[in-house]
Structures are given as C-alpha cells and as structure tokens.
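Have a look at start.pdb; it's PDB, C-alpha atoms:
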ATOM      1  CA  MET A  17      14.428  23.763  -6.032  1.00  0.00           C
ATOM      2  CA  PRO A  18      15.444  20.346  -4.626  1.00  0.00           C
ATOM      3  CA  ASN A  19      18.781  18.939  -5.739  1.00  0.00           C
ATOM      4  CA  PRO A  20      18.920  15.576  -7.597  1.00  0.00           C
ATOM      5  CA  LEU A  21      19.612  13.572  -4.415  1.00  0.00           C
ATOM      6  CA  ASP A  22      16.591  15.130  -2.675  1.00  0.00           C
ATOM      7  CA  ARG A  23      14.356  14.189  -5.598  1.00  0.00           C
ATOM      8  CA  ILE A  24      15.674  10.614  -5.645  1.00  0.00           C
ATOM      9  CA  ARG A  25      15.113  10.194  -1.910  1.00  0.00           C
ATOM     10  CA  LEU A  26      11.566  11.555  -2.123  1.00  0.00           C
ATOM     11  CA  ASP A  27      10.767   9.243  -5.053  1.00  0.00           C
ATOM     12  CA  ASN A  28      12.133   6.303  -3.086  1.00  0.00           C
ATOM     13  CA  LEU A  29      10.169   7.379  -0.024  1.00  0.00           C
ATOM     14  CA  ARG A  30       6.970   7.157  -2.081  1.00  0.00           C
ATOM     15  CA  ARG A  31       7.997   3.665  -3.140  1.00  0.00           C
ATOM     16  CA  LEU A  32       8.572   2.591   0.474  1.00  0.00           C
ATOM     17  CA  VAL A  33       5.191   4.015   1.509  1.00  0.00           C
ATOM     18  CA  ALA A  34       3.585   1.867  -1.186  1.00  0.00           C
ATOM     19  CA  GLU A  35       5.503  -1.212  -0.019  1.00  0.00           C
ATOM     20  CA  ALA A  36       4.611  -0.657   3.645  1.00  0.00           C
ATOM     21  CA  GLY A  37       0.933  -0.074   2.838  1.00  0.00           C
ATOM     22  CA  SER A  38       0.751   3.453   4.248  1.00  0.00           C
ATOM     23  CA  ALA A  39       2.931   6.289   5.520  1.00  0.00           C
ATOM     24  CA  ALA A  40       1.828   5.481   9.074  1.00  0.00           C
ATOM     25  CA  ALA A  41       2.879   1.839   8.697  1.00  0.00           C
ATOM     26  CA  LEU A  42       6.265   2.893   7.346  1.00  0.00           C
ATOM     27  CA  ALA A  43       6.782   5.339  10.225  1.00  0.00           C
ATOM     28  CA  ARG A  44       5.993   2.601  12.763  1.00  0.00           C
ATOM     29  CA  ARG A  45       8.463   0.212  11.171  1.00  0.00           C
ATOM     30  CA  ALA A  46      11.212   2.830  11.086  1.00  0.00           C
ATOM     31  CA  GLY A  47      10.504   4.061  14.618  1.00  0.00           C
ATOM     32  CA  VAL A  48       9.960   7.662  13.535  1.00  0.00           C
ATOM     33  CA  SER A  49       7.162  10.152  14.082  1.00  0.00           C
ATOM     34  CA  GLY A  50       4.296   9.780  11.617  1.00  0.00           C
ATOM     35  CA  PRO A  51       3.689  13.557  11.317  1.00  0.00           C
ATOM     36  CA  TYR A  52       7.421  14.132  10.794  1.00  0.00           C
ATOM     37  CA  LEU A  53       7.591  11.549   8.010  1.00  0.00           C
ATOM     38  CA  SER A  54       4.486  13.050   6.399  1.00  0.00           C
ATOM     39  CA  ALA A  55       6.053  16.512   6.520  1.00  0.00           C
ATOM     40  CA  VAL A  56       9.209  15.207   4.836  1.00  0.00           C
ATOM     41  CA  ARG A  57       7.126  13.394   2.237  1.00  0.00           C
ATOM     42  CA  ALA A  58       5.129  16.546   1.459  1.00  0.00           C
ATOM     43  CA  GLY A  59       8.204  18.783   1.439  1.00  0.00           C
ATOM     44  CA  LYS A  60       6.630  20.966   4.125  1.00  0.00           C
ATOM     45  CA  PRO A  61       9.108  23.709   5.118  1.00  0.00           C
ATOM     46  CA  TYR A  62      10.250  24.286   8.678  1.00  0.00           C
ATOM     47  CA  PRO A  63       8.528  27.133  10.618  1.00  0.00           C
ATOM     48  CA  SER A  64      11.554  29.282   9.764  1.00  0.00           C
ATOM     49  CA  GLY A  65      10.773  28.843   6.096  1.00  0.00           C
ATOM     50  CA  ARG A  66      13.865  26.734   5.456  1.00  0.00           C
ATOM     51  CA  ALA A  67      13.280  23.854   3.058  1.00  0.00           C
ATOM     52  CA  ARG A  68      12.813  20.458   4.709  1.00  0.00           C
ATOM     53  CA  ARG A  69      15.118  17.707   3.442  1.00  0.00           C
ATOM     54  CA  MET A  70      15.495  14.014   4.163  1.00  0.00           C
ATOM     55  CA  GLY A  71      18.714  13.648   6.121  1.00  0.00           C
ATOM     56  CA  ASP A  72      21.119  10.743   6.081  1.00  0.00           C
ATOM     57  CA  ARG A  73      19.905   9.411   9.448  1.00  0.00           C
ATOM     58  CA  LEU A  74      16.270   9.184   8.321  1.00  0.00           C
ATOM     59  CA  ALA A  75      17.291   7.630   5.002  1.00  0.00           C
ATOM     60  CA  ALA A  76      19.304   4.962   6.852  1.00  0.00           C
ATOM     61  CA  LYS A  77      16.415   4.232   9.246  1.00  0.00           C
ATOM     62  CA  LEU A  78      14.029   3.737   6.338  1.00  0.00           C
ATOM     63  CA  GLU A  79      16.479   1.423   4.566  1.00  0.00           C
ATOM     64  CA  ARG A  80      16.917  -0.752   7.668  1.00  0.00           C
ATOM     65  CA  ALA A  81      13.192  -0.841   8.397  1.00  0.00           C
ATOM     66  CA  MET A  82      12.329  -2.081   4.900  1.00  0.00           C
ATOM     67  CA  GLY A  83      15.278  -4.438   4.473  1.00  0.00           C
ATOM     68  CA  LYS A  84      17.008  -2.362   1.826  1.00  0.00           C
ATOM     69  CA  PRO A  85      20.791  -2.297   1.348  1.00  0.00           C
ATOM     70  CA  LEU A  86      22.837   0.647   2.575  1.00  0.00           C
ATOM     71  CA  GLY A  87      22.600   3.489   0.075  1.00  0.00           C
ATOM     72  CA  TRP A  88      19.356   2.226  -1.510  1.00  0.00           C
ATOM     73  CA  MET A  89      17.623   5.549  -0.824  1.00  0.00           C
ATOM     74  CA  ASP A  90      20.249   7.388  -2.864  1.00  0.00           C
ATOM     75  CA  GLU A  91      19.824   5.384  -6.073  1.00  0.00           C
ATOM     76  CA  PRO A  92      16.973   5.680  -8.624  1.00  0.00           C
ATOM     77  CA  GLN A  93      14.808   2.567  -8.362  1.00  0.00           C
ATOM     78  CA  GLY A  94      13.200   2.520 -11.785  1.00  0.00           C
ATOM     79  CA  LEU A  95      10.208   4.636 -10.779  1.00  0.00           C
ATOM     80  CA  GLY A  96       9.836   5.943 -14.295  1.00  0.00           C
ATOM     81  CA  ASP A  97       8.632   2.553 -15.583  1.00  0.00           C
ATOM     82  CA  PRO A  98       6.490   0.988 -12.845  1.00  0.00           C
ATOM     83  CA  LEU A  99       3.893  -0.539 -15.166  1.00  0.00           C
ATOM     84  CA  PRO A 100       3.932  -4.037 -16.647  1.00  0.00           C
ATOM     85  CA  PRO A 101       4.094  -4.592 -20.427  1.00  0.00           C
ATOM     86  CA  GLY A 102       0.285  -4.853 -20.643  1.00  0.00           C
ATOM     87  CA  GLY A 103      -0.036  -1.108 -20.154  1.00  0.00           C
ATOM     88  CA  GLY A 104      -1.643  -0.777 -16.744  1.00  0.00           C
ATOM     89  CA  PHE A 105      -3.038  -3.182 -14.175  1.00  0.00           C
ATOM     90  CA  PRO A 106      -6.048  -5.453 -14.741  1.00  0.00           C
ATOM     91  CA  VAL A 107      -9.415  -4.831 -13.099  1.00  0.00           C
ATOM     92  CA  ILE A 108     -10.552  -8.238 -11.864  1.00  0.00           C
ATOM     93  CA  SER A 109     -13.459  -9.698  -9.927  1.00  0.00           C
ATOM     94  CA  TRP A 110     -13.455 -10.534  -6.239  1.00  0.00           C
ATOM     95  CA  VAL A 111     -13.611 -14.227  -7.171  1.00  0.00           C
ATOM     96  CA  GLN A 112     -10.517 -13.858  -9.374  1.00  0.00           C
ATOM     97  CA  ALA A 113      -8.759 -11.997  -6.542  1.00  0.00           C
ATOM     98  CA  GLY A 114      -9.129 -15.053  -4.322  1.00  0.00           C
ATOM     99  CA  THR A 115      -6.922 -17.103  -6.640  1.00  0.00           C
ATOM    100  CA  TRP A 116      -4.812 -14.354  -8.223  1.00  0.00           C
ATOM    101  CA  THR A 117      -1.541 -15.481  -6.629  1.00  0.00           C
ATOM    102  CA  GLU A 118      -2.096 -18.994  -7.986  1.00  0.00           C
ATOM    103  CA  ALA A 119      -3.755 -18.543 -11.398  1.00  0.00           C
ATOM    104  CA  ARG A 120      -3.834 -15.210 -13.236  1.00  0.00           C
ATOM    105  CA  GLU A 121      -6.528 -15.758 -15.849  1.00  0.00           C
ATOM    106  CA  LEU A 122      -7.927 -12.705 -17.629  1.00  0.00           C
ATOM    107  CA  GLN A 123     -10.714 -12.379 -20.127  1.00  0.00           C
ATOM    108  CA  ALA A 124      -9.806 -10.908 -23.492  1.00  0.00           C
ATOM    109  CA  GLY A 125     -10.144  -7.141 -23.475  1.00  0.00           C
ATOM    110  CA  ALA A 126     -10.047  -6.894 -19.673  1.00  0.00           C
ATOM    111  CA  GLU A 127     -10.086  -3.311 -18.403  1.00  0.00           C
ATOM    112  CA  ARG A 128      -6.729  -1.935 -17.265  1.00  0.00           C
ATOM    113  CA  LEU A 129      -5.967   1.101 -15.141  1.00  0.00           C
ATOM    114  CA  HIS A 130      -2.748   3.007 -14.545  1.00  0.00           C
ATOM    115  CA  CYS A 131      -1.500   3.735 -11.024  1.00  0.00           C
ATOM    116  CA  PRO A 132       0.403   6.963 -10.237  1.00  0.00           C
ATOM    117  CA  LEU A 133       2.447   5.169  -7.551  1.00  0.00           C
ATOM    118  CA  PRO A 134       5.077   2.457  -8.047  1.00  0.00           C
ATOM    119  CA  CYS A 135       3.456  -0.983  -8.064  1.00  0.00           C
ATOM    120  CA  GLY A 136       4.765  -4.505  -8.457  1.00  0.00           C
ATOM    121  CA  PRO A 137       4.180  -6.324 -11.761  1.00  0.00           C
ATOM    122  CA  GLU A 138       1.517  -8.615 -10.247  1.00  0.00           C
ATOM    123  CA  THR A 139      -0.667  -5.733  -9.008  1.00  0.00           C
ATOM    124  CA  PHE A 140      -4.395  -6.005  -9.718  1.00  0.00           C
ATOM    125  CA  VAL A 141      -7.337  -3.638  -9.350  1.00  0.00           C
ATOM    126  CA  LEU A 142     -10.639  -4.222  -7.574  1.00  0.00           C
ATOM    127  CA  ARG A 143     -13.783  -2.150  -7.348  1.00  0.00           C
ATOM    128  CA  VAL A 144     -14.997  -1.772  -3.764  1.00  0.00           C
ATOM    129  CA  ALA A 145     -18.395  -3.388  -3.289  1.00  0.00           C
ATOM    130  CA  GLY A 146     -20.542  -2.487  -0.314  1.00  0.00           C
ATOM    131  CA  ALA A 147     -20.131  -0.166   2.641  1.00  0.00           C
ATOM    132  CA  SER A 148     -17.993  -2.152   5.092  1.00  0.00           C
ATOM    133  CA  MET A 149     -14.963   0.113   4.504  1.00  0.00           C
ATOM    134  CA  ALA A 150     -16.866   3.392   4.143  1.00  0.00           C
ATOM    135  CA  PRO A 151     -16.425   6.280   4.391  1.00  0.00           C
ATOM    136  CA  ARG A 152     -12.704   6.016   3.591  1.00  0.00           C
ATOM    137  CA  PHE A 153     -13.274   3.502   0.790  1.00  0.00           C
ATOM    138  CA  PRO A 154     -16.748   4.169  -0.626  1.00  0.00           C
ATOM    139  CA  ASP A 155     -18.733   1.735  -2.752  1.00  0.00           C
ATOM    140  CA  GLY A 156     -17.442   1.848  -6.330  1.00  0.00           C
ATOM    141  CA  GLU A 157     -13.943   3.102  -5.446  1.00  0.00           C
ATOM    142  CA  TYR A 158     -11.030   1.427  -7.233  1.00  0.00           C
ATOM    143  CA  ILE A 159      -8.224  -0.041  -5.125  1.00  0.00           C
ATOM    144  CA  PHE A 160      -4.836  -1.186  -6.429  1.00  0.00           C
ATOM    145  CA  VAL A 161      -3.616  -4.326  -4.678  1.00  0.00           C
ATOM    146  CA  ASP A 162       0.021  -5.446  -4.749  1.00  0.00           C
ATOM    147  CA  PRO A 163       0.679  -9.100  -3.770  1.00  0.00           C
ATOM    148  CA  ASP A 164       4.410  -8.388  -3.416  1.00  0.00           C
ATOM    149  CA  VAL A 165       4.015  -5.884  -0.560  1.00  0.00           C
ATOM    150  CA  ALA A 166       4.409  -7.356   2.932  1.00  0.00           C
ATOM    151  CA  ALA A 167       1.352  -6.798   5.113  1.00  0.00           C
ATOM    152  CA  ALA A 168       1.862  -5.128   8.485  1.00  0.00           C
ATOM    153  CA  ASN A 169      -0.386  -4.193  11.382  1.00  0.00           C
ATOM    154  CA  GLY A 170      -2.727  -1.481  10.108  1.00  0.00           C
ATOM    155  CA  SER A 171      -2.361  -2.321   6.410  1.00  0.00           C
ATOM    156  CA  PHE A 172      -5.445  -2.447   4.220  1.00  0.00           C
ATOM    157  CA  VAL A 173      -5.493  -5.927   2.766  1.00  0.00           C
ATOM    158  CA  VAL A 174      -7.449  -8.149   0.426  1.00  0.00           C
ATOM    159  CA  VAL A 175      -7.923 -11.510   2.090  1.00  0.00           C
ATOM    160  CA  ARG A 176      -9.259 -14.885   1.023  1.00  0.00           C
ATOM    161  CA  ARG A 177     -10.913 -16.409   4.064  1.00  0.00           C
ATOM    162  CA  ALA A 178     -11.524 -19.889   2.617  1.00  0.00           C
ATOM    163  CA  PRO A 179      -9.577 -21.924   0.050  1.00  0.00           C
ATOM    164  CA  GLY A 180     -10.992 -21.340  -3.422  1.00  0.00           C
ATOM    165  CA  GLY A 181     -13.384 -18.662  -2.174  1.00  0.00           C
ATOM    166  CA  ALA A 182     -13.857 -15.021  -3.081  1.00  0.00           C
ATOM    167  CA  ALA A 183     -11.728 -12.354  -1.428  1.00  0.00           C
ATOM    168  CA  THR A 184     -12.741  -9.646   1.023  1.00  0.00           C
ATOM    169  CA  PHE A 185     -11.285  -6.223   1.846  1.00  0.00           C
ATOM    170  CA  LYS A 186     -10.493  -5.202   5.422  1.00  0.00           C
ATOM    171  CA  GLN A 187      -7.845  -3.599   7.644  1.00  0.00           C
ATOM    172  CA  LEU A 188      -5.350  -5.989   9.214  1.00  0.00           C
ATOM    173  CA  VAL A 189      -5.018  -5.799  13.005  1.00  0.00           C
ATOM    174  CA  GLU A 190      -2.295  -7.801  14.737  1.00  0.00           C
ATOM    175  CA  GLU A 191      -2.237  -8.329  18.506  1.00  0.00           C
ATOM    176  CA  GLU A 192       0.405 -10.619  19.962  1.00  0.00           C
ATOM    177  CA  ASP A 193       0.142 -13.795  17.867  1.00  0.00           C
ATOM    178  CA  ARG A 194      -3.398 -13.240  16.616  1.00  0.00           C
ATOM    179  CA  ARG A 195      -4.694 -11.538  13.468  1.00  0.00           C
ATOM    180  CA  TYR A 196      -8.001  -9.753  13.022  1.00  0.00           C
ATOM    181  CA  LEU A 197      -9.844  -8.159  10.104  1.00  0.00           C
ATOM    182  CA  ARG A 198     -11.483  -4.809  10.819  1.00  0.00           C
ATOM    183  CA  ALA A 199     -14.222  -3.015   8.902  1.00  0.00           C
ATOM    184  CA  LEU A 200     -13.867   0.778   8.979  1.00  0.00           C
ATOM    185  CA  ASN A 201     -17.613   1.447   8.909  1.00  0.00           C
ATOM    186  CA  PRO A 202     -18.564   2.023  12.583  1.00  0.00           C
ATOM    187  CA  ASP A 203     -22.108   0.816  11.843  1.00  0.00           C
ATOM    188  CA  TRP A 204     -21.027  -2.480  10.320  1.00  0.00           C
ATOM    189  CA  PRO A 205     -22.656  -5.477  12.105  1.00  0.00           C
ATOM    190  CA  GLU A 206     -19.316  -7.245  12.680  1.00  0.00           C
ATOM    191  CA  PRO A 207     -16.700  -4.477  12.831  1.00  0.00           C
ATOM    192  CA  ILE A 208     -13.873  -6.866  13.682  1.00  0.00           C
ATOM    193  CA  VAL A 209     -13.479 -10.622  13.260  1.00  0.00           C
ATOM    194  CA  GLU A 210     -10.556 -12.913  13.875  1.00  0.00           C
ATOM    195  CA  ALA A 211      -8.749 -14.116  10.765  1.00  0.00           C
ATOM    196  CA  GLY A 212      -8.910 -17.884  10.807  1.00  0.00           C
ATOM    197  CA  ALA A 213      -6.021 -20.207  10.101  1.00  0.00           C
ATOM    198  CA  ASP A 214      -7.224 -20.574   6.498  1.00  0.00           C
ATOM    199  CA  ALA A 215      -7.184 -16.818   5.823  1.00  0.00           C
ATOM    200  CA  ALA A 216      -4.653 -15.899   3.133  1.00  0.00           C
ATOM    201  CA  ILE A 217      -3.600 -12.352   2.337  1.00  0.00           C
ATOM    202  CA  CYS A 218      -3.842 -11.818  -1.419  1.00  0.00           C
ATOM    203  CA  GLY A 219      -2.191  -8.396  -1.377  1.00  0.00           C
ATOM    204  CA  VAL A 220      -1.889  -4.974   0.223  1.00  0.00           C
ATOM    205  CA  VAL A 221      -3.756  -1.914  -1.018  1.00  0.00           C
ATOM    206  CA  VAL A 222      -1.192   0.605  -2.285  1.00  0.00           C
ATOM    207  CA  PHE A 223      -3.487   3.155  -3.932  1.00  0.00           C
ATOM    208  CA  GLN A 224      -7.145   4.101  -4.179  1.00  0.00           C
ATOM    209  CA  GLY A 225      -8.845   6.265  -6.735  1.00  0.00           C
ATOM    210  CA  ARG A 226     -11.766   6.792  -9.055  1.00  0.00           C
ATOM    211  CA  PRO A 227     -10.975   7.435 -12.723  1.00  0.00           C
ATOM    212  CA  ALA A 228     -12.199  10.790 -14.027  1.00  0.00           C
TER
END
As structure tokens - that is how I would like this structure written.
Amino acid sequence: MPNPLDRIRLDNLRRLVAEAGSAAALARRAGVSGPYLSAVRAGKPYPSGRARRMGDRLAAKLERAMGKPLGWMDEPQGLGDPLPPGGGFPVISWVQAGTWTEARELQAGAERLHCPLPCGPETFVLRVAGASMAPRFPDGEYIFVDPDVAAANGSFVVVRRAPGGAATFKQLVEEEDRRYLRALNPDWPEPIVEAGADAAICGVVVFQGRPA
C-alpha cells in the first residue's frame, strides 16, 4: 500500500498531466522518458516485483518543468474539490467556445458534466462534431477544455481561427516559430493547416469521455 507521500505525488502528477495536456507533453517538458513517466503514473511495478515510486529527482524535474515551487509535489493541491460552485462544467456550443474567454454566457438550465480529473474553474465541455479527429475523438464524444492550461506542441486544443467566429478542435503542432493545426483523421482533406496570426487558443483538452 502506498504511503501518504506517494499518494500525494501521484495525485499531483495527474494534475500536472492535465495542465500539460497529456502525459507525453509533460514528459517532453520535463526531459524524461514517456514510457517511464507512464509507468510511474500507473504504479506499474519493476520487473523484480518491487513497487515503483516517484523519487525526489523526478518530482523536482516535474516541478521545474511546470513552473511549480520547490516541494509543490509533496503538498496536497486541493484535488478533492476540483469543481466550481455550479456543480460540474457547462456543455456549450462551438460558437460559445469561440468567445468563452471573453464572455461566459449560459442559458438557464445548461447541461453540466463532472470531470474525474482536476480542472480549472473556467473549464467548459464541448461535444465533438464531425470526423476530423477520429478515430481518437469520435463524433459525439465529450471533451473537457481548460482555458487555464498552457498549450504545448502536441496538445489537443480548441482554437478560434477568426475574431468572433466559432471554434475548431485540432492538435497543435509547433515547428520553429510557426504553428499548425493537425487533424488526426488520415483521410481528412486538409490534414494540417497553418494557424494564422488571428488564431486564438481557447483552451487545452484535459479529458475526453462519453457519459454512461
């Protein structure tokens, strides 16, 4: 059974994964092996059968990579109450998503969904429309989008490509000083397009799921 410090570090690791956009993105930032970080996250034992723990060196690397103060990994970060007072996060339209960081207007009785991962208070939920991100994100899938998470190369982002317009959902690709938006569907007519100067990232996808 993990000791209290192990549990705190694993909870905080899940929070950092959400902030980075994915475990792979977090591993890249921290300069550690993706499979190794995934094994730590899953609590996968060593081949000898000995329990795998997050050591002090890895904890310090993760703190530096995500701009956290020394010792942040060892302190509970309020994971037990990640939801805003409204009781879940609002499901909004793609048009609303385009202006969510500027004007958060909800209709009375708007649907709300809970997220099992830590999310910022401004998180919103969208329902995937179309097949551009299939098969990983199928049509009808719900995605939780956190505007407070910093986007990094490889993050799945919701982007507004024109002022006042509706948002779109793609994977962010950064090469040198240029940004691109990639569709995951290999059969999509335009699998990758350059993000113009007017493209604004509305948030990073931190969780996907379909309610039972």
**Message:** Using only C-alpha atoms, which protein or nucleic acid residues come within 7 Å of Thr184 (chain A)? Drop anything in the same chain fewer than 2 positions from it, and give the result as a list in words.
**Reply:**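 Here the qualifying residues turn out to be Val174, Val175, Arg176, Ala182 and Lys186 of chain A.
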**Prompt:** Could you name the residues that touch Ala167 (chain A) at 9 Å or less, counting all atoms listed in the file, but leaving out those on the same chain fewer than 6 positions away, as a list in words?
**Reply:** Glu35, Ala36, Gly37, Val173, Leu188, Ile217, Gly219 and Val220 of chain A
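Here the PyMOL selection byres ((chain A and resi 46) around 9) matches the residues Ala41, Leu42, Ala43, Arg44, Arg45, Gly47, Val48, Ser49, Leu74, Lys77, Leu78, Glu79, Arg80, Ala81 and Met82 of chain A.
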**Request:** Please evaluate the PyMOL selection byres ((chain A and resi 145) around 6) against the displayed coordinates and give the resulting residues as a PyMOL selection string.
**Result:** chain A and resi 144+146+155
Serialized selection, C-alpha atoms, as a short mmCIF file (atom, residue, chain, number, x, y, z; two decimals), in the coordinates of the input:
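Saved the output as selection_14.cif:
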data_model
loop_
_atom_site.label_atom_id
_atom_site.label_comp_id
_atom_site.auth_asym_id
_atom_site.auth_seq_id
_atom_site.Cartn_x
_atom_site.Cartn_y
_atom_site.Cartn_z
CA VAL A 144 -15.00 -1.77 -3.76
CA GLY A 146 -20.54 -2.49 -0.31
CA ASP A 155 -18.73 1.74 -2.75
#
Where does the PyMOL selection byres ((chain A and resi 127) around 8) land in this file, that is, which residues does it pick, as a PDB file with C-alpha atoms, in the coordinates of the input?
ATOM      1  CA  PRO A 106      -6.048  -5.453 -14.741  1.00  0.00           C
ATOM      2  CA  VAL A 107      -9.415  -4.831 -13.099  1.00  0.00           C
ATOM      3  CA  GLY A 125     -10.144  -7.141 -23.475  1.00  0.00           C
ATOM      4  CA  ALA A 126     -10.047  -6.894 -19.673  1.00  0.00           C
ATOM      5  CA  ARG A 128      -6.729  -1.935 -17.265  1.00  0.00           C
ATOM      6  CA  LEU A 129      -5.967   1.101 -15.141  1.00  0.00           C
TER       7      LEU A 129
END
Report the centre and edge lengths, in Å to one decimal, of an axis-aligned box enclosing every atom of region 180-188 of chain A listed in the file, padded by 6 Å on each side, as AutoDock Vina command-line options.
--center_x -9.6 --center_y -12.5 --center_z 2.9 --size_x 20.5 --size_y 29.7 --size_z 24.6
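Distance-wise, CA of Asp193 (chain A) and CA of Ser38 (chain A) end up 22.0 Å apart.
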**Prompt:** What lies within 8 Å of Met89 (chain A) using only C-alpha atoms, ignoring chain neighbours under 4 positions off, as a ChimeraX atom specification?
**Reply:** /A:24-25,28-29,75-76,79
**Point-to-point distance in Å for CA of Leu21 (chain A) and CA of Arg68 (chain A)** =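 Between these atoms lies a distance of 13.3 Å.
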**Request:** In Å, rounded to a single decimal, give me how far CA of Gly50 (chain A) is from CA of Gly225 (chain A).
**Result:** 22.8 Å
**Request:** Would you mind telling me which residue in A:Val56, A:Ala113, A:Ile208, A:Met70 lies nearest to Val189 (chain A) when using all atoms listed in the file?
**Result:** A:Ile208
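Distance annotation: of A:Arg143, A:Arg23, A:Arg30, A:Arg194, the residue with the minimal separation from Ser54 (chain A) is A:Arg30; atom set is all atoms listed in the file.
Closest to Pro202 (chain A) among A:Arg57, A:His130, A:Arg152, A:Arg69 is A:Arg152, based on all atoms listed in the file.
Among the candidate residues A:Pro207, A:Gly114, A:Gly181, A:Gly104, the one lying nearest to Ala150 (chain A) is A:Pro207, with distances computed using only C-alpha atoms.
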Please identify every residue of region 150-183 of chain A that has at least one atom no farther than 12 Å from an atom of region 133-141 of chain A, counting all atoms listed in the file, and for each give the shortest atom pair and the distance in Å to one decimal, arranged by chain then increasing number, as a tab-separated table.
residue	atom	partner	partner_atom	distance
A:Gly156	CA	A:Val141	CA	11.9
A:Glu157	CA	A:Val141	CA	10.2
A:Tyr158	CA	A:Val141	CA	6.6
A:Ile159	CA	A:Val141	CA	5.6
A:Phe160	CA	A:Val141	CA	4.6
A:Val161	CA	A:Phe140	CA	5.4
A:Asp162	CA	A:Thr139	CA	4.3
A:Pro163	CA	A:Thr139	CA	6.4
A:Asp164	CA	A:Gly136	CA	6.4
A:Val165	CA	A:Gly136	CA	8.1
A:Ala166	CA	A:Gly136	CA	11.7
A:Val174	CA	A:Val141	CA	10.8
**Asked** When distances are computed from all atoms listed in the file, which of A:Gln224, A:Ser171, A:Gln93, A:Ser64 shows the smallest separation from Pro154 (chain A)?
**Response**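 Smallest separation from Pro154 (chain A) among the options: A:Gln224.
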**Request:** Quick one: everything within 6 Å of Ala215 (chain A), counting all atoms listed in the file, minus sequence neighbours fewer than 3 positions away in the same chain. Send it as JSON, numbers by chain.
**Result:** {"A": [176, 177, 211, 212]}
Once N, CA and C atoms are restored for region 163-174 of chain A, what would the output be as a CSV table (one decimal), in the coordinates of the input?
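So result_33.csv came out as:
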chain,number,residue,atom,x,y,z
A,163,PRO,N,0.4,-7.9,-4.5
A,163,PRO,CA,0.7,-9.1,-3.8
A,163,PRO,C,2.1,-9.2,-3.3
A,164,ASP,N,3.0,-8.3,-3.8
A,164,ASP,CA,4.4,-8.4,-3.4
A,164,ASP,C,4.7,-7.5,-2.2
A,165,VAL,N,3.8,-6.7,-1.7
A,165,VAL,CA,4.0,-5.9,-0.6
A,165,VAL,C,3.7,-6.7,0.7
A,166,ALA,N,4.6,-6.6,1.7
A,166,ALA,CA,4.4,-7.4,2.9
A,166,ALA,C,3.4,-6.6,3.8
A,167,ALA,N,2.4,-7.4,4.3
A,167,ALA,CA,1.4,-6.8,5.1
A,167,ALA,C,1.9,-6.6,6.5
A,168,ALA,N,1.5,-5.5,7.1
A,168,ALA,CA,1.9,-5.1,8.5
A,168,ALA,C,0.6,-4.7,9.2
A,169,ASN,N,0.7,-4.6,10.6
A,169,ASN,CA,-0.4,-4.2,11.4
A,169,ASN,C,-0.9,-2.8,10.9
A,170,GLY,N,-2.2,-2.7,10.6
A,170,GLY,CA,-2.7,-1.5,10.1
A,170,GLY,C,-2.9,-1.4,8.6
A,171,SER,N,-2.3,-2.3,7.9
A,171,SER,CA,-2.4,-2.3,6.4
A,171,SER,C,-3.8,-2.6,6.0
A,172,PHE,N,-4.2,-2.1,4.8
A,172,PHE,CA,-5.4,-2.4,4.2
A,172,PHE,C,-5.2,-3.6,3.3
A,173,VAL,N,-5.8,-4.7,3.5
A,173,VAL,CA,-5.5,-5.9,2.8
A,173,VAL,C,-6.7,-6.6,2.1
A,174,VAL,N,-6.4,-7.3,1.1
A,174,VAL,CA,-7.4,-8.1,0.4
A,174,VAL,C,-7.1,-9.6,0.9
